[in-house]
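Structure file upload.cif (mmCIF, C-alpha atoms and all ligand atoms) follows.
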data_query
#
loop_
_atom_site.label_atom_id
_atom_site.label_comp_id
_atom_site.auth_asym_id
_atom_site.auth_seq_id
_atom_site.Cartn_x
_atom_site.Cartn_y
_atom_site.Cartn_z
CA LEU A 1 111.20 144.40 127.57
CA LYS A 2 110.21 142.32 124.59
CA THR A 3 112.74 140.76 122.26
CA ILE A 4 112.16 141.88 118.71
CA VAL A 5 114.00 139.69 116.26
CA THR A 6 114.56 140.68 112.69
CA LYS A 7 117.12 138.09 111.77
CA VAL A 8 117.83 134.57 112.95
CA ASP A 9 121.20 134.46 114.65
CA ILE A 10 122.76 131.40 112.97
CA PRO A 11 125.65 131.03 110.50
CA LEU A 12 123.33 129.79 107.71
CA SER A 13 120.94 131.40 105.28
CA TYR A 14 117.44 131.13 106.60
CA GLY A 15 114.02 131.28 105.01
CA ALA A 16 111.03 129.47 103.52
CA ALA A 17 112.95 128.96 100.27
CA PHE A 18 115.04 126.23 101.92
CA GLU A 19 112.09 124.31 103.32
CA GLY A 20 111.89 121.54 100.72
CA GLU A 21 115.62 120.82 100.63
CA ARG A 22 116.79 117.25 101.02
CA ILE A 23 120.14 116.28 102.45
CA ARG A 24 121.67 113.56 100.31
CA LYS A 25 123.53 110.67 101.86
CA ASP A 26 126.89 111.83 100.49
CA ASP A 27 126.51 115.29 102.03
CA LEU A 28 125.24 114.02 105.36
CA PHE A 29 127.31 114.95 108.41
CA VAL A 30 125.05 114.44 111.37
CA GLU A 31 121.72 112.70 111.73
CA MET A 32 119.33 112.73 114.67
CA GLY A 33 116.28 110.46 114.83
CA GLY A 34 114.83 108.85 111.72
CA GLY A 35 114.62 105.42 113.28
CA LYS A 36 118.36 105.09 114.01
CA THR A 37 118.41 107.21 117.15
CA GLN A 38 115.63 108.78 119.19
CA CYS A 39 114.62 112.38 118.43
CA THR A 40 111.85 113.90 120.53
CA GLU A 41 110.35 117.38 120.64
CA LEU A 42 108.40 118.99 123.43
CA VAL A 43 107.21 122.52 124.15
CA GLU A 44 106.34 123.20 127.76
CA MET A 45 104.88 126.28 129.38
CA THR A 46 106.44 127.50 132.63
CA GLU A 47 106.12 130.44 134.99
CA MET A 48 107.80 133.68 133.94
CA ASP A 49 110.38 133.59 136.75
CA GLU A 50 111.36 129.98 136.13
CA ILE A 51 113.19 130.50 132.85
CA GLU A 52 115.72 132.80 131.32
CA ASP A 53 115.01 134.16 127.88
CA ASN A 54 117.47 133.23 125.11
CA LYS A 55 119.27 130.73 127.32
CA ILE A 56 120.24 127.80 125.11
CA THR A 57 121.87 124.78 126.67
CA VAL A 58 123.27 121.69 125.00
CA VAL A 59 123.51 118.87 127.54
CA GLY A 60 125.89 116.32 126.05
CA PRO A 61 128.03 116.14 122.90
CA GLU A 62 127.96 118.95 120.31
CA ILE A 63 128.64 118.54 116.61
CA ASP A 64 132.39 119.20 117.21
CA ASP A 65 132.55 116.12 119.39
CA LEU A 66 131.63 113.87 116.47
CA GLY A 67 135.06 114.17 114.87
CA GLU A 68 135.93 114.50 111.18
CA LYS A 69 133.45 112.01 109.82
CA GLY A 70 130.33 113.10 111.67
CA GLY A 71 127.77 110.54 112.76
CA ARG A 72 124.55 110.09 114.67
CA LEU A 73 123.23 111.57 117.87
CA PRO A 74 120.04 111.12 119.82
CA LEU A 75 118.29 114.44 120.44
CA GLY A 76 115.74 115.69 122.91
CA ILE A 77 114.47 119.19 122.24
CA LEU A 78 112.81 120.85 125.20
CA VAL A 79 111.50 124.36 124.59
CA LYS A 80 110.30 126.17 127.69
CA VAL A 81 108.10 129.17 127.07
CA ALA A 82 106.47 131.72 129.33
CA GLY A 83 104.29 134.73 128.77
CA ARG A 84 101.44 136.65 130.25
CA LYS A 85 99.17 135.52 127.41
CA MET A 86 100.55 131.99 127.20
CA GLN A 87 98.23 129.04 127.95
CA PRO A 88 99.01 125.32 128.20
CA ASP A 89 96.62 124.83 125.24
CA PHE A 90 99.11 126.61 123.02
CA GLU A 91 101.97 124.17 123.67
CA PRO A 92 101.12 121.74 120.83
CA ILE A 93 100.79 124.58 118.32
CA LEU A 94 104.23 125.96 119.13
CA GLU A 95 105.65 122.46 119.08
CA ARG A 96 104.34 121.76 115.58
CA GLN A 97 106.21 124.85 114.28
CA ILE A 98 109.56 123.21 115.04
CA HIS A 99 109.22 121.27 111.79
CA HIS A 100 109.16 124.15 109.35
CA LEU A 101 111.27 126.50 111.48
CA VAL A 102 114.23 124.08 111.58
CA ASN A 103 113.68 123.23 107.90
CA TYR A 104 114.10 126.89 106.97
CA ALA A 105 117.83 126.71 107.74
CA GLN A 106 119.84 126.08 104.59
CA GLY A 107 121.45 122.65 104.72
CA VAL A 108 119.28 121.37 107.57
CA MET A 109 116.40 118.98 106.97
CA HIS A 110 113.60 118.25 109.42
CA ILE A 111 110.92 115.59 109.07
CA GLY A 112 108.21 114.48 111.45
CA GLN A 113 107.14 115.63 114.89
CA ARG A 114 106.70 114.55 118.50
CA ASP A 115 108.80 111.44 119.23
CA ILE A 116 109.36 110.57 115.56
CA ALA A 117 111.30 113.66 114.53
CA TRP A 118 114.25 113.33 112.16
CA ILE A 119 116.92 115.96 111.57
CA ARG A 120 119.75 115.75 109.03
CA THR A 121 122.53 118.28 108.63
CA GLY A 122 124.88 118.33 105.67
CA ARG A 123 128.63 118.89 105.72
CA PRO A 124 128.43 122.34 104.05
CA ALA A 125 126.24 123.62 106.91
CA VAL A 126 128.67 122.23 109.49
CA ASP A 127 131.60 123.82 107.62
CA LYS A 128 129.81 127.15 107.95
CA GLY A 129 129.70 126.64 111.71
CA PHE A 130 126.30 125.13 112.32
CA LYS A 131 125.91 123.52 115.75
CA ILE A 132 123.16 121.76 117.68
CA LYS A 133 122.78 124.90 119.81
CA HIS A 134 121.62 126.75 116.68
CA ILE A 135 118.47 124.61 116.62
CA GLY A 136 117.69 126.27 119.95
CA GLN A 137 118.63 129.68 118.57
CA ILE A 138 116.25 129.27 115.62
CA LEU A 139 113.40 128.31 117.95
CA HIS A 140 114.08 131.18 120.33
CA ASP A 141 114.34 133.78 117.58
CA MET A 142 111.41 132.58 115.49
CA PHE A 143 109.03 131.88 118.39
CA HIS A 144 109.52 135.51 119.43
CA LYS A 145 109.00 136.70 115.87
CA ASP A 146 105.93 134.59 115.05
CA PHE A 147 104.32 134.26 118.50
CA GLY A 148 105.38 137.46 120.23
CA ASN A 149 101.68 138.08 120.86
CA ILE A 150 101.48 135.20 123.36
CA LEU A 151 104.97 134.65 124.77
CA ASP A 152 107.70 136.74 126.39
CA LYS A 153 110.45 134.23 127.18
CA VAL A 154 111.88 131.21 125.38
CA GLU A 155 114.55 128.91 126.81
CA VAL A 156 115.76 125.83 124.97
CA ILE A 157 117.49 122.71 126.29
CA LEU A 158 118.95 120.22 123.81
CA TYR A 159 119.77 116.78 125.21
CA THR A 160 122.22 114.66 123.25
CA LYS A 161 123.07 111.96 125.79
CA GLU A 162 121.15 108.76 125.36
CA GLU A 163 119.95 108.43 128.95
CA ASP A 164 118.71 112.05 129.01
CA VAL A 165 116.91 111.66 125.67
CA LYS A 166 115.26 108.53 126.99
CA LYS A 167 113.99 110.33 130.08
CA HIS A 168 112.87 113.33 128.02
CA THR A 169 111.01 111.01 125.63
CA GLU A 170 109.18 109.22 128.43
CA ASN A 171 108.13 112.55 129.86
CA ALA A 172 107.06 113.81 126.42
CA ARG A 173 105.00 110.70 125.70
CA ALA A 174 103.06 111.21 128.92
CA VAL A 175 102.33 114.79 127.82
CA TYR A 176 101.24 113.69 124.30
CA LYS A 177 98.91 111.16 125.89
CA THR A 178 97.25 113.78 128.06
CA ARG A 179 96.79 116.03 125.02
CA ASP A 180 95.33 113.18 122.92
CA GLU A 181 92.88 112.22 125.61
CA ARG A 182 91.34 115.66 125.76
CA VAL A 183 89.15 114.73 122.80
CA GLU A 184 88.37 111.25 124.07
CA SER A 185 84.88 111.98 125.34
CA MET A 186 83.90 114.23 122.42
CA THR A 187 81.98 113.11 119.35
CA ASP A 188 81.83 114.54 115.84
CA GLU A 189 78.06 114.86 116.22
CA SER A 190 78.47 117.09 119.27
CA VAL A 191 80.06 120.00 117.38
CA GLU A 192 79.04 122.02 114.35
CA ILE A 193 82.51 123.37 113.69
CA TYR A 194 85.52 121.38 112.50
CA TYR A 195 88.94 122.92 111.80
CA SER A 196 91.13 122.91 108.75
CA CYS A 197 94.88 122.49 108.77
CA THR A 198 96.90 123.53 105.76
CA LEU A 199 100.31 123.62 107.45
CA CYS A 200 101.58 120.81 105.22
CA GLN A 201 100.78 122.47 101.91
CA SER A 202 104.38 123.57 101.45
CA PHE A 203 105.19 119.88 100.85
CA ALA A 204 101.83 118.55 99.64
CA PRO A 205 100.12 121.48 97.89
CA SER A 206 96.67 119.89 97.53
CA HIS A 207 96.62 118.47 101.04
CA VAL A 208 94.06 119.74 103.52
CA CYS A 209 93.48 118.06 106.86
CA VAL A 210 90.05 118.63 108.30
CA VAL A 211 90.28 117.87 111.97
CA SER A 212 87.17 116.75 113.84
CA PRO A 213 86.95 115.60 117.46
CA GLU A 214 87.00 111.97 116.31
CA ARG A 215 89.63 112.34 113.61
CA THR A 216 92.87 113.92 114.76
CA GLY A 217 95.32 115.34 112.23
CA LEU A 218 97.26 112.58 110.52
CA CYS A 219 100.58 113.84 111.93
CA GLY A 220 99.21 113.10 115.39
CA ALA A 221 100.25 116.54 116.58
CA TYR A 222 96.96 118.39 116.10
CA ASN A 223 93.57 117.45 117.44
CA TRP A 224 90.34 119.47 117.37
CA PHE A 225 91.27 121.41 120.53
CA ASP A 226 94.71 122.25 119.20
CA CYS A 227 93.31 123.61 115.94
CA LYS A 228 90.79 125.65 117.90
CA ALA A 229 93.59 127.11 120.05
CA SER A 230 95.70 127.79 116.97
CA TYR A 231 92.82 129.73 115.43
CA GLU A 232 92.58 131.80 118.61
CA ILE A 233 96.27 132.69 118.43
CA ASN A 234 96.23 133.41 114.72
CA PRO A 235 92.78 134.00 113.19
CA THR A 236 94.19 134.24 109.67
CA GLY A 237 96.51 131.25 110.07
CA PRO A 238 96.47 127.65 108.79
CA ASN A 239 93.67 126.46 111.10
CA GLN A 240 90.30 127.86 110.10
CA PRO A 241 86.89 126.97 111.52
CA ILE A 242 84.70 125.10 109.05
CA GLU A 243 80.96 124.97 109.49
CA LYS A 244 80.42 121.32 108.57
CA GLY A 245 76.99 122.08 107.14
CA GLU A 246 74.64 119.65 105.44
CA VAL A 247 75.36 115.95 106.03
CA ILE A 248 76.06 114.22 102.72
CA ASP A 249 76.91 110.81 104.16
CA PRO A 250 76.72 110.13 107.91
CA VAL A 251 78.28 106.66 107.63
CA LEU A 252 81.29 107.48 105.49
CA GLY A 253 81.53 110.92 107.11
CA GLN A 254 81.03 113.57 104.48
CA TRP A 255 79.70 117.11 104.89
CA LYS A 256 78.97 119.83 102.35
CA GLY A 257 80.72 122.57 104.31
CA CYS A 258 83.90 120.50 104.53
CA ASN A 259 83.83 119.65 100.82
CA ASP A 260 83.42 123.30 99.88
CA PHE A 261 86.33 124.30 102.09
CA VAL A 262 88.61 121.50 100.85
CA PHE A 263 87.81 122.33 97.22
CA LYS A 264 88.89 125.92 97.70
CA ALA A 265 91.87 125.21 99.96
CA SER A 266 93.22 122.50 97.64
CA ARG A 267 93.04 124.99 94.77
CA GLN A 268 90.27 122.98 93.07
CA LYS A 269 92.28 119.73 93.17
CA ILE A 270 90.10 117.83 95.68
CA THR A 271 86.32 118.05 95.37
CA HIS A 272 85.32 115.92 98.37
CA TYR A 273 86.46 113.22 100.78
CA ASN A 274 85.16 110.92 103.47
CA PHE A 275 86.37 111.15 107.06
CA TYR A 276 85.56 107.54 108.01
CA SER A 277 86.53 105.49 104.98
CA ILE A 278 89.70 104.06 103.50
CA VAL A 279 87.85 102.32 100.64
CA ASN A 280 85.74 105.19 99.30
CA ASP A 281 87.38 108.56 98.58
CA PRO A 282 89.45 108.72 101.76
CA MET A 283 90.94 111.89 103.16
CA THR A 284 94.10 113.14 101.49
CA THR A 285 97.47 112.04 102.87
CA CYS A 286 100.65 114.06 103.33
CA GLY A 287 104.15 112.79 104.04
CA CYS A 288 104.25 113.41 107.77
CA CYS A 289 101.49 111.02 108.83
CA GLU A 290 102.28 108.81 111.82
CA CYS A 291 100.69 105.74 110.20
CA ILE A 292 99.42 104.61 106.81
CA ALA A 293 96.62 102.07 106.56
CA ALA A 294 96.09 99.85 103.51
CA VAL A 295 93.25 97.55 102.50
CA LEU A 296 94.20 93.85 102.37
CA PRO A 297 91.47 92.54 100.04
CA ALA A 298 92.34 88.86 100.47
CA CYS A 299 92.05 89.23 104.25
CA ASN A 300 88.79 91.20 104.13
CA GLY A 301 90.39 93.83 106.32
CA VAL A 302 93.00 96.53 106.67
CA MET A 303 96.53 96.76 107.99
CA THR A 304 98.34 99.78 109.29
CA VAL A 305 102.01 100.60 109.72
CA HIS A 306 103.69 103.37 111.70
CA ARG A 307 106.80 105.31 110.77
CA ASP A 308 109.10 103.66 113.31
CA TYR A 309 108.52 100.20 111.82
CA THR A 310 111.00 99.77 108.99
CA GLY A 311 110.25 96.16 108.06
CA GLU A 312 108.08 94.58 105.36
CA THR A 313 104.28 94.65 105.56
CA PRO A 314 101.58 92.40 104.07
CA CYS A 315 100.54 95.08 101.53
CA GLY A 316 103.95 94.62 99.89
CA MET A 317 105.26 98.08 100.76
CA LYS A 318 107.31 99.41 103.65
CA PHE A 319 106.28 102.60 105.41
CA THR A 320 108.76 104.75 103.46
CA THR A 321 107.46 103.45 100.12
CA LEU A 322 103.86 103.97 101.17
CA ALA A 323 104.64 107.52 102.33
CA GLY A 324 106.43 108.22 99.06
CA VAL A 325 103.53 106.99 96.93
CA MET A 326 100.57 108.30 99.00
CA GLY A 327 102.08 111.32 100.72
CA GLY A 328 101.76 113.89 97.97
CA GLY A 329 98.36 115.21 99.01
CA GLN A 330 96.07 113.06 96.90
CA SER A 331 93.15 110.87 97.97
CA SER A 332 94.15 107.24 97.23
CA PRO A 333 91.31 104.72 97.66
CA GLY A 334 92.58 101.69 99.53
CA PHE A 335 95.13 103.74 101.49
CA VAL A 336 94.90 106.48 104.09
CA GLY A 337 97.25 108.30 106.42
CA HIS A 338 96.20 108.66 110.05
CA SER A 339 97.57 109.33 113.51
CA LYS A 340 98.40 106.55 115.97
CA TYR A 341 95.73 107.80 118.31
CA ASN A 342 93.11 107.70 115.52
CA VAL A 343 93.31 103.89 115.49
CA ILE A 344 91.48 103.77 118.79
CA GLN A 345 89.08 106.65 118.09
CA ARG A 346 85.54 105.39 117.62
CA LYS A 347 85.12 106.73 114.09
CA PHE A 348 88.29 105.09 112.74
CA ILE A 349 87.27 103.74 109.27
CA ALA A 350 83.77 103.39 110.76
CA GLY A 351 82.28 103.51 107.25
CA ASP A 352 84.18 100.33 106.34
CA GLY A 353 83.40 98.40 109.51
CA GLY A 354 85.70 100.17 111.98
CA LEU A 355 88.47 98.79 114.15
CA LEU A 356 87.18 95.20 113.76
CA ARG A 357 88.64 95.37 110.24
CA MET A 358 92.16 95.69 111.64
CA VAL A 359 93.96 92.47 110.77
CA TRP A 360 97.67 93.41 110.91
CA MET A 361 99.80 95.93 112.81
CA PRO A 362 103.48 95.99 113.74
CA LYS A 363 103.93 94.49 117.19
CA SER A 364 105.46 97.69 118.57
CA LEU A 365 102.35 99.69 117.62
CA LYS A 366 100.09 97.08 119.20
CA GLU A 367 102.16 97.38 122.38
CA GLU A 368 102.11 101.17 122.30
CA LEU A 369 98.31 101.19 122.01
CA ARG A 370 97.77 98.07 124.12
CA GLU A 371 95.60 99.51 126.91
CA GLN A 372 93.41 101.47 124.52
CA LEU A 373 93.09 98.59 122.03
CA ILE A 374 91.86 96.34 124.81
CA ARG A 375 89.36 98.98 125.93
CA ARG A 376 88.06 99.52 122.38
CA GLY A 377 87.93 95.76 121.78
CA GLU A 378 85.76 95.39 124.89
CA GLU A 379 83.42 98.13 123.66
CA LEU A 380 83.07 96.27 120.37
CA GLY A 381 82.37 92.92 122.04
CA HIS A 382 85.83 91.50 121.25
CA PRO A 383 87.99 91.95 124.36
CA ASP A 384 90.70 89.76 122.82
CA LEU A 385 90.83 91.68 119.53
CA ILE A 386 94.42 92.79 120.18
CA ASP A 387 95.58 89.17 120.29
CA LYS A 388 93.71 88.33 117.11
CA ILE A 389 95.42 91.10 115.15
CA CYS A 390 98.35 89.61 113.27
CA ASP A 391 101.85 91.15 113.42
CA GLU A 392 105.27 90.66 111.82
CA THR A 393 106.24 87.94 114.27
CA ILE A 394 103.40 85.81 112.81
CA ALA A 395 103.23 86.78 109.12
CA ILE A 396 104.14 89.51 106.65
CA ASP A 397 102.24 88.24 103.62
CA GLU A 398 98.51 88.21 102.95
CA ALA A 399 98.21 84.42 102.79
CA GLY A 400 100.00 84.03 106.13
CA VAL A 401 97.85 86.76 107.69
CA MET A 402 94.68 85.06 106.45
CA GLU A 403 95.79 81.74 107.88
CA HIS A 404 96.25 83.40 111.27
CA LEU A 405 92.87 85.15 111.08
CA GLU A 406 91.07 81.88 110.44
CA LYS A 407 92.95 80.10 113.16
CA VAL A 408 92.08 82.68 115.83
CA GLY A 409 88.60 83.52 114.53
CA HIS A 410 89.28 87.19 113.80
CA PRO A 411 85.97 89.09 113.40
CA ALA A 412 86.97 90.48 109.95
CA VAL A 413 86.73 86.99 108.47
CA SER A 414 82.95 86.91 108.88
CA MET A 415 82.25 90.56 107.99
CA ASP A 416 80.77 91.74 104.66
CA PRO A 417 83.32 91.95 101.84
CA ILE A 418 85.44 95.08 102.36
CA VAL A 419 85.50 95.84 98.65
CA GLY A 420 82.32 95.42 96.67
FE1 LIG B 1 98.19 120.04 109.95
FE2 LIG B 1 97.46 117.74 108.91
FE3 LIG B 1 99.95 118.66 108.50
FE4 LIG B 1 99.22 117.78 110.91
S1 LIG B 1 99.35 116.57 109.02
S2 LIG B 1 100.33 119.67 110.50
S3 LIG B 1 97.06 118.40 111.02
S4 LIG B 1 98.05 119.57 107.74
ZN ZN B 2 102.12 116.73 106.54
#
Structure encoded using structure tokens:
Amino acid sequence: LKTIVTKVDIPLSYGAAFEGERIRKDDLFVEMGGGKTQCTELVEMTEMDEIEDNKITVVGPEIDDLGEKGGRLPLGILVKVAGRKMQPDFEPILERQIHHLVNYAQGVMHIGQRDIAWIRTGRPAVDKGFKIKHIGQILHDMFHKDFGNILDKVEVILYTKEEDVKKHTENARAVYKTRDERVESMTDESVEIYYSCTLCQSFAPSHVCVVSPERTGLCGAYNWFDCKASYEINPTGPNQPIEKGEVIDPVLGQWKGCNDFVFKASRQKITHYNFYSIVNDPMTTCGCCECIAAVLPACNGVMTVHRDYTGETPCGMKFTTLAGVMGGGQSSPGFVGHSKYNVIQRKFIAGDGGLLRMVWMPKSLKEELREQLIRRGEELGHPDLIDKICDETIAIDEAGVMEHLEKVGHPAVSMDPIVG
């Protein structure tokens, strides 16, 4: 008994036409995530008899409980799915759909993914009767419609109490980590096939991610395995295998097969890019990247900033400004979007000197990656690299960063000039 959905059961118009909508501050009624509260998404596979299809539960306050003026809520979205053809490998693919599926509702905006999601709902949508539970309804209805070939049951739990969201987020982060680490022992050299991702073209039309084992998608939600699984589910979908073909530059990371694919998929806008460089024709960047790196010429290195850090940075731009300027799908030498996990992947800006070029990161990102940064530092002969990387508690301007680098003897100081 399969659910066949023709229409999404919510009190709002629904469709791709509403995807790019913004909710202006004056229309805003309720906001979840976006740096002010936590908003975390997770899709989890379960056994068929453990869940009830179309059961949608809001644990905690609903929109009605916010009163006349609206306000903010934390949100934890847990989607449980089951099906005879379902596999744990498919969880990240379903999870990444939450972004566009929620965005399709008129008057509801969704940005980001994983534990950096951000949902805004305007007053007109709330006046029409929109509730938190409808986020669950959208996911139930659309998962059946789009992924009916792999799943039979969808249950959604929406947590809106802070302590529950916190617990959900901790659990989700452990799951993300396990997913990320699946590619840890793989190298780009060990495979002939990379995968494309064009999911973000609705916002950044010329943007094409090519995902290799050592360069995860810049949203952090898709690695090489995930794209491979996505292609299995949907062979004509946004993740296509790319035969990397002839090596054009092994150091900067450029292949003929990838260039040819990107040229076509970007509708002739992008002729080529390098996987391992920020200085020379870097990969294109779209607005949902987890981090944006920037060259700091006076420091002979690079900095990176993640979405959750809202303060100033030594490149003179905050994350939101960087994302606004770089996130349109172009290749911008000196800047590149990347996932958090990519920082500690071995090919991270390898063509420009690699992780030893990292001179500044927000403290919270250093802490989040602490274990892995120490491990990578050891591999590179600098076990104390993490302590040599400057952060906002030390300096937020290039001169101050440089002073710190010289004081601690950061390896970037004695490397070749980063820009010729
Ligand atoms: Fe795909 Fe890249 Fe967008 Fe992630 S950022 S969804 S990998 S196109
Ligand atoms: Zn994107």
Check which residues fall inside 10 Å of ligand LIG 1 (chain B) when counting all atoms listed in the file, and print them as a PyMOL selection string.
-> chain A and resi 93+96-97+99-100+112-113+195-204+207-211+215-224+226-227+238-239+284-290+329+337-339
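Using all atoms listed in the file, the smallest distance between any of A:His110, A:Arg72, A:Arg346, A:Lys7 and Glu31 of chain A comes from A:Arg72.
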Counting only C-alpha atoms, figure out which residue out of A:Ala323, A:Cys258, A:Ile132, A:Ile233 gets nearest to Tyr194 of chain A.
-> A:Cys258
Which neighbours of Met109 of chain A fall inside 6 Å, counting only C-alpha atoms, when residues of the same chain fewer than 6 positions from it are skipped, and could you give them as a tab-separated table (two decimals) with C-alpha atoms, in the coordinates of the input?
chain	number	residue	atom	x	y	z
A	103	ASN	CA	113.68	123.23	107.90
A	119	ILE	CA	116.92	115.96	111.57
A	120	ARG	CA	119.75	115.75	109.03
Please return, as number ranges by chain, all polymer residues that have at least one atom within 9 Å of the point (121.3, 112.2, 126.5); use all atoms listed in the file and the file's own coordinate frame.
-> A: 59-61, 73-76, 158-168
Atoms kept (C-alpha atoms) for selection, written as a CSV table (one decimal), in the coordinates of the input:
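Okay, this is what ended up in out_0.csv:
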chain,number,residue,atom,x,y,z
A,59,VAL,CA,123.5,118.9,127.5
A,60,GLY,CA,125.9,116.3,126.0
A,61,PRO,CA,128.0,116.1,122.9
A,73,LEU,CA,123.2,111.6,117.9
A,74,PRO,CA,120.0,111.1,119.8
A,75,LEU,CA,118.3,114.4,120.4
A,76,GLY,CA,115.7,115.7,122.9
A,158,LEU,CA,119.0,120.2,123.8
A,159,TYR,CA,119.8,116.8,125.2
A,160,THR,CA,122.2,114.7,123.2
A,161,LYS,CA,123.1,112.0,125.8
A,162,GLU,CA,121.2,108.8,125.4
A,163,GLU,CA,120.0,108.4,129.0
A,164,ASP,CA,118.7,112.0,129.0
A,165,VAL,CA,116.9,111.7,125.7
A,166,LYS,CA,115.3,108.5,127.0
A,167,LYS,CA,114.0,110.3,130.1
A,168,HIS,CA,112.9,113.3,128.0
Separating atom CA of Val302 of chain A from atom CA of Ala350 of chain A, to the nearest tenth of an Å, is a gap of 12.2 Å
From the set A:Cys291, A:Gly353, A:Lys366, A:Pro124, which residue has the shortest atom-to-atom contact distance to ligand ZN 2 (chain B), counting only C-alpha atoms and all ligand atoms?
-> A:Cys291
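Going from atom CA of Leu373 of chain A over to atom CA of His306 of chain A, you cover 15.6 Å.
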Point out the residue among A:Phe143, A:Lys407, A:Ser331, A:Glu47 with the least atom-to-atom distance to Lys269 of chain A, counting all atoms listed in the file.
-> A:Ser331
To one decimal place, how far is atom CA of Ile150 of chain A from atom CA of Val81 of chain A in Å?
-> 9.7 Å
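Closest approach to ligand ZN 2 (chain B) among A:Thr57, A:Gln87, A:Ser206, A:Gln345 is made by A:Ser206 (distances from only C-alpha atoms and all ligand atoms).
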All residues 8 Å or closer to Tyr273 of chain A, only C-alpha atoms, same chain fewer than 6 positions away omitted, as a ChimeraX atom specification = /A:254,259,281-284,331
Store the residues picked out above, limited to C-alpha atoms, as a CSV table (one decimal), in the coordinates of the input.
chain,number,residue,atom,x,y,z
A,254,GLN,CA,81.0,113.6,104.5
A,259,ASN,CA,83.8,119.6,100.8
A,281,ASP,CA,87.4,108.6,98.6
A,282,PRO,CA,89.4,108.7,101.8
A,283,MET,CA,90.9,111.9,103.2
A,284,THR,CA,94.1,113.1,101.5
A,331,SER,CA,93.2,110.9,98.0
For the structure just given, write the atoms of segment 391-402 of chain A, namely N, CA, C and O atoms, as a PDB file, in the first residue's frame.
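Below you can see result_32.pdb, which holds the result:
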ATOM      1  N   ASP A 391      43.445  33.460  15.351  1.00  0.00           N
ATOM      2  CA  ASP A 391      41.977  33.536  15.350  1.00  0.00           C
ATOM      3  C   ASP A 391      41.539  34.905  15.851  1.00  0.00           C
ATOM      4  O   ASP A 391      42.386  35.750  16.181  1.00  0.00           O
ATOM      5  N   GLU A 392      40.232  35.114  15.938  1.00  0.00           N
ATOM      6  CA  GLU A 392      39.722  36.457  16.251  1.00  0.00           C
ATOM      7  C   GLU A 392      40.064  36.926  17.663  1.00  0.00           C
ATOM      8  O   GLU A 392      39.989  38.122  17.945  1.00  0.00           O
ATOM      9  N   THR A 393      40.446  36.002  18.529  1.00  0.00           N
ATOM     10  CA  THR A 393      40.817  36.447  19.871  1.00  0.00           C
ATOM     11  C   THR A 393      42.227  37.054  19.864  1.00  0.00           C
ATOM     12  O   THR A 393      42.627  37.712  20.814  1.00  0.00           O
ATOM     13  N   ILE A 394      42.978  36.838  18.764  1.00  0.00           N
ATOM     14  CA  ILE A 394      44.338  37.377  18.666  1.00  0.00           C
ATOM     15  C   ILE A 394      44.373  38.592  17.724  1.00  0.00           C
ATOM     16  O   ILE A 394      44.909  39.636  18.060  1.00  0.00           O
ATOM     17  N   ALA A 395      43.776  38.439  16.534  1.00  0.00           N
ATOM     18  CA  ALA A 395      43.780  39.555  15.576  1.00  0.00           C
ATOM     19  C   ALA A 395      42.715  39.364  14.513  1.00  0.00           C
ATOM     20  O   ALA A 395      42.361  38.228  14.160  1.00  0.00           O
ATOM     21  N   ILE A 396      42.190  40.469  13.998  1.00  0.00           N
ATOM     22  CA  ILE A 396      41.257  40.394  12.866  1.00  0.00           C
ATOM     23  C   ILE A 396      41.692  41.314  11.731  1.00  0.00           C
ATOM     24  O   ILE A 396      40.906  41.684  10.869  1.00  0.00           O
ATOM     25  N   ASP A 397      42.977  41.693  11.727  1.00  0.00           N
ATOM     26  CA  ASP A 397      43.495  42.471  10.594  1.00  0.00           C
ATOM     27  C   ASP A 397      44.805  41.848  10.145  1.00  0.00           C
ATOM     28  O   ASP A 397      45.492  41.189  10.938  1.00  0.00           O
ATOM     29  N   GLU A 398      45.138  42.049   8.874  1.00  0.00           N
ATOM     30  CA  GLU A 398      46.303  41.355   8.313  1.00  0.00           C
ATOM     31  C   GLU A 398      47.598  41.639   9.056  1.00  0.00           C
ATOM     32  O   GLU A 398      48.406  40.735   9.275  1.00  0.00           O
ATOM     33  N   ALA A 399      47.782  42.931   9.464  1.00  0.00           N
ATOM     34  CA  ALA A 399      49.033  43.277  10.152  1.00  0.00           C
ATOM     35  C   ALA A 399      49.120  42.522  11.489  1.00  0.00           C
ATOM     36  O   ALA A 399      50.179  41.970  11.834  1.00  0.00           O
ATOM     37  N   GLY A 400      48.004  42.466  12.206  1.00  0.00           N
ATOM     38  CA  GLY A 400      47.980  41.768  13.492  1.00  0.00           C
ATOM     39  C   GLY A 400      48.207  40.274  13.317  1.00  0.00           C
ATOM     40  O   GLY A 400      48.891  39.634  14.122  1.00  0.00           O
ATOM     41  N   VAL A 401      47.621  39.713  12.246  1.00  0.00           N
ATOM     42  CA  VAL A 401      47.810  38.283  11.962  1.00  0.00           C
ATOM     43  C   VAL A 401      49.292  38.019  11.698  1.00  0.00           C
ATOM     44  O   VAL A 401      49.899  37.095  12.250  1.00  0.00           O
ATOM     45  N   MET A 402      49.901  38.871  10.863  1.00  0.00           N
ATOM     46  CA  MET A 402      51.309  38.700  10.497  1.00  0.00           C
ATOM     47  C   MET A 402      52.211  38.743  11.732  1.00  0.00           C
ATOM     48  O   MET A 402      53.129  37.930  11.872  1.00  0.00           O
TER      49      MET A 402
END
